[in-house]
file protein38.csv (CSV, C-alpha atoms)
chain,number,residue,atom,x,y,z
A,1,MET,CA,-44.5,19.3,-27.5
A,2,LEU,CA,-41.4,18.7,-25.3
A,3,LYS,CA,-41.0,22.5,-24.9
A,4,ASP,CA,-44.5,22.7,-23.4
A,5,LEU,CA,-43.8,19.8,-21.0
A,6,LEU,CA,-40.4,21.0,-19.6
A,7,PRO,CA,-40.4,23.4,-16.6
A,8,VAL,CA,-37.2,25.2,-17.7
A,9,SER,CA,-35.8,26.7,-20.8
A,10,ASP,CA,-32.2,26.2,-20.0
A,11,LEU,CA,-30.5,22.9,-18.8
A,12,ALA,CA,-28.4,25.0,-16.4
A,13,HIS,CA,-31.6,25.9,-14.4
A,14,THR,CA,-32.9,22.4,-13.6
A,15,SER,CA,-33.5,21.5,-9.9
A,16,THR,CA,-31.4,18.3,-10.5
A,17,PRO,CA,-28.3,18.8,-12.6
A,18,VAL,CA,-28.8,17.5,-16.1
A,19,ALA,CA,-26.2,16.7,-18.8
A,20,VAL,CA,-26.8,15.3,-22.2
A,21,SER,CA,-24.2,13.6,-24.4
A,22,ALA,CA,-24.2,14.6,-28.1
A,23,TRP,CA,-21.7,14.0,-30.8
A,24,HIS,CA,-20.4,17.2,-32.5
A,25,GLY,CA,-19.9,16.7,-36.2
A,26,GLY,CA,-17.3,19.5,-36.6
A,27,SER,CA,-14.9,18.3,-34.0
A,28,ARG,CA,-15.9,14.6,-34.3
A,29,ARG,CA,-16.0,14.4,-30.5
A,30,THR,CA,-18.6,13.9,-27.8
A,31,ARG,CA,-19.7,17.1,-26.1
A,32,VAL,CA,-21.6,17.3,-22.9
A,33,LEU,CA,-24.5,19.7,-23.0
A,34,ALA,CA,-25.2,21.0,-19.5
A,35,SER,CA,-26.6,24.4,-20.4
A,36,GLY,CA,-28.8,25.7,-23.2
A,37,ASP,CA,-32.1,24.7,-24.7
A,38,PRO,CA,-33.2,21.4,-23.3
A,39,VAL,CA,-35.3,20.6,-26.4
A,40,GLU,CA,-32.3,21.0,-28.7
A,41,ALA,CA,-30.2,18.9,-26.4
A,42,VAL,CA,-32.7,16.1,-26.3
A,43,TYR,CA,-33.2,16.3,-30.1
A,44,ALA,CA,-29.4,16.1,-30.6
A,45,SER,CA,-29.1,13.1,-28.3
A,46,CYS,CA,-31.8,11.3,-30.4
A,47,ALA,CA,-30.5,12.3,-33.9
A,48,VAL,CA,-29.4,8.9,-35.2
A,49,PRO,CA,-27.4,9.4,-38.4
A,50,PHE,CA,-29.2,8.5,-41.6
A,51,LEU,CA,-32.5,8.4,-39.7
A,52,PHE,CA,-32.8,12.0,-38.4
A,53,GLN,CA,-31.4,15.3,-39.3
A,54,PRO,CA,-28.7,16.6,-36.9
A,55,ALA,CA,-29.6,19.2,-34.3
A,56,ARG,CA,-28.1,22.6,-35.1
A,57,ILE,CA,-26.8,24.2,-31.8
A,58,GLN,CA,-24.8,27.4,-31.8
A,59,GLY,CA,-23.8,26.9,-35.5
A,60,GLY,CA,-22.6,23.3,-35.0
A,61,TYR,CA,-24.3,20.0,-36.0
A,62,TYR,CA,-25.0,17.4,-33.3
A,63,TRP,CA,-26.0,13.8,-33.5
A,64,ASP,CA,-26.7,11.0,-31.0
A,65,GLY,CA,-24.1,11.0,-28.2
A,66,GLY,CA,-23.9,7.2,-28.5
A,67,ILE,CA,-21.7,7.6,-31.7
A,68,ALA,CA,-18.6,7.9,-29.5
A,69,ASP,CA,-20.1,7.6,-26.0
A,70,ARG,CA,-21.9,4.3,-26.3
A,71,HIS,CA,-22.4,3.9,-22.6
A,72,GLY,CA,-23.5,7.5,-22.1
A,73,LEU,CA,-21.0,8.2,-19.3
A,74,ALA,CA,-19.3,11.2,-20.7
A,75,SER,CA,-21.5,13.5,-18.6
A,76,THR,CA,-20.3,11.9,-15.4
A,77,TRP,CA,-17.1,12.7,-13.7
A,78,PRO,CA,-14.5,10.3,-12.4
A,79,GLY,CA,-15.3,9.0,-8.9
A,80,GLU,CA,-19.0,9.9,-9.2
A,81,ARG,CA,-21.4,7.3,-7.9
A,82,VAL,CA,-23.4,6.0,-10.8
A,83,LEU,CA,-26.2,3.4,-11.2
A,84,TYR,CA,-25.8,2.4,-14.8
A,85,HIS,CA,-28.6,0.7,-16.8
A,86,HIS,CA,-26.7,-1.4,-19.4
A,87,LEU,CA,-28.8,-2.0,-22.6
A,88,GLN,CA,-27.7,-5.4,-23.8
A,89,SER,CA,-27.0,-5.4,-27.5
A,90,ARG,CA,-28.7,-8.0,-29.6
A,91,SER,CA,-27.3,-6.7,-32.8
A,92,PRO,CA,-26.7,-9.4,-35.4
A,93,TRP,CA,-23.6,-7.5,-36.5
A,94,ARG,CA,-21.8,-7.8,-33.1
A,95,ARG,CA,-19.5,-10.8,-32.7
A,96,PRO,CA,-19.9,-12.9,-29.6
A,97,ASN,CA,-17.5,-11.8,-26.9
A,98,SER,CA,-17.1,-8.3,-28.5
A,99,PRO,CA,-15.9,-5.7,-26.0
A,100,ALA,CA,-18.8,-3.5,-27.1
A,101,LEU,CA,-21.2,-6.0,-25.5
A,102,GLU,CA,-19.5,-5.7,-22.1
A,103,PRO,CA,-20.8,-3.1,-19.6
A,104,PRO,CA,-18.3,-0.5,-18.5
A,105,ARG,CA,-16.3,-1.0,-15.4
A,106,ARG,CA,-15.0,1.7,-13.2
A,107,PRO,CA,-14.9,2.7,-9.5
A,108,ASN,CA,-18.2,3.8,-8.0
A,109,LEU,CA,-20.3,2.3,-10.9
A,110,ILE,CA,-23.0,-0.3,-10.3
A,111,THR,CA,-24.5,-1.9,-13.4
A,112,LEU,CA,-28.1,-3.0,-13.9
A,113,ALA,CA,-28.7,-5.2,-16.9
A,114,ILE,CA,-32.2,-6.4,-17.5
A,115,ASP,CA,-32.6,-9.7,-19.4
A,116,ASP,CA,-35.1,-10.0,-22.2
A,117,LEU,CA,-36.2,-6.4,-22.3
A,118,PRO,CA,-38.6,-6.1,-25.2
A,119,ARG,CA,-37.2,-4.1,-28.2
A,120,SER,CA,-39.3,-1.3,-29.6
A,121,GLY,CA,-38.8,0.6,-32.8
A,122,PRO,CA,-40.8,2.2,-35.7
A,123,ASN,CA,-42.6,-1.1,-36.4
A,124,ARG,CA,-42.9,-2.1,-32.7
A,125,LEU,CA,-44.0,1.0,-30.9
A,126,ASP,CA,-46.4,-1.1,-28.7
A,127,GLN,CA,-43.4,-2.7,-27.2
A,128,GLY,CA,-42.2,0.6,-25.7
A,129,ARG,CA,-44.7,0.6,-22.9
A,130,ILE,CA,-44.0,-3.0,-22.1
A,131,ALA,CA,-40.3,-2.3,-22.0
A,132,LEU,CA,-40.7,0.7,-19.8
A,133,GLU,CA,-42.8,-1.1,-17.3
A,134,LYS,CA,-40.4,-4.1,-17.2
A,135,ALA,CA,-37.4,-1.7,-16.8
A,136,TYR,CA,-39.3,0.2,-14.0
A,137,GLN,CA,-40.1,-3.0,-12.1
A,138,ALA,CA,-36.6,-4.4,-12.5
A,139,THR,CA,-35.1,-1.1,-11.3
A,140,ARG,CA,-37.3,-0.9,-8.2
A,141,GLN,CA,-36.4,-4.5,-7.4
A,142,ALA,CA,-32.7,-3.8,-7.8
A,143,LEU,CA,-32.9,-0.7,-5.7
A,144,SER,CA,-34.5,-2.6,-2.9
A,145,ARG,CA,-31.6,-5.1,-2.6
A,146,PRO,CA,-28.6,-4.4,-0.4
A,147,LEU,CA,-25.3,-3.5,-2.1
A,148,PRO,CA,-22.7,-6.2,-2.3
A,149,GLU,CA,-19.8,-6.2,0.2
A,150,ARG,CA,-17.5,-4.3,-2.2
A,151,PRO,CA,-19.8,-2.8,-4.8
A,152,PHE,CA,-17.4,-0.2,-6.2
A,153,ALA,CA,-14.2,-2.3,-6.4
call {"tool": "encode", "arguments": {"input": "protein38.csv", "output": "structure tokens"}}
result
Amino acid sequence: MLKDLLPVSDLAHTSTPVAVSAWHGGSRRTRVLASGDPVEAVYASCAVPFLFQPARIQGGYYWDGGIADRHGLASTWPGERVLYHHLQSRSPWRRPNSPALEPPRRPNLITLAIDDLPRSGPNRLDQGRIALEKAYQATRQALSRPLPERPFA
């Protein structure tokens, strides 16, 4: 289905540069996929261990890039201006004040965190549309506000 929707067959040929973070099982490192089959890249980035089979790309196995790149910033370069949407973890396994709960901080990065975003999942698919609409409205509202005096300090 995704193949039929996408206007290109190689990530390198998109009109806006695209890079997808995926975890390579052989090297146990995050790899940034900026060329190749976009369907394979998207599948790899969604392949959560123990839920989905890994994507096989050029003989290697790839899983969700969040395994080692929780914030999904591996595909950005230092100094690049980034508007970052921080998904706030509500995991019962995270300790309060865990560093994993903190949004990343770096020069040229502005973080958008949306409170009370509905959680979707296999048993709550109906929440997906609600979460998307809430995120869309919150993003539009955030983009309409002026930047703080020193936004990238």
call {"tool": "residues_around", "arguments": {"input": "protein38.csv", "residues": "Gly65 of chain A", "least_positions_apart": "5", "cutoff": "6 Å", "atoms": "all atoms listed in the file", "output": "ChimeraX atom specification"}}
result
/A:21-23,45
call {"tool": "atom_distance", "arguments": {"input": "protein38.csv", "atom1": "atom CA of Ala142 of chain A", "atom2": "atom CA of Leu112 of chain A"}}
result
7.7 Å
call {"tool": "atom_distance", "arguments": {"input": "protein38.csv", "atom1": "atom CA of Arg90 of chain A", "atom2": "atom CA of Asn123 of chain A"}}
result
16.9 Å
call {"tool": "residues_around", "arguments": {"input": "protein38.csv", "residues": "Asp37 of chain A", "least_positions_apart": "5", "cutoff": "10 Å", "atoms": "all atoms listed in the file", "output": "JSON, numbers by chain"}}
result
{"A": [3, 8, 9, 10, 11, 12, 42, 57]}
call {"tool": "atom_distance", "arguments": {"input": "protein38.csv", "atom1": "atom CA of Ser89 of chain A", "atom2": "atom CA of Tyr43 of chain A"}}
result
22.7 Å
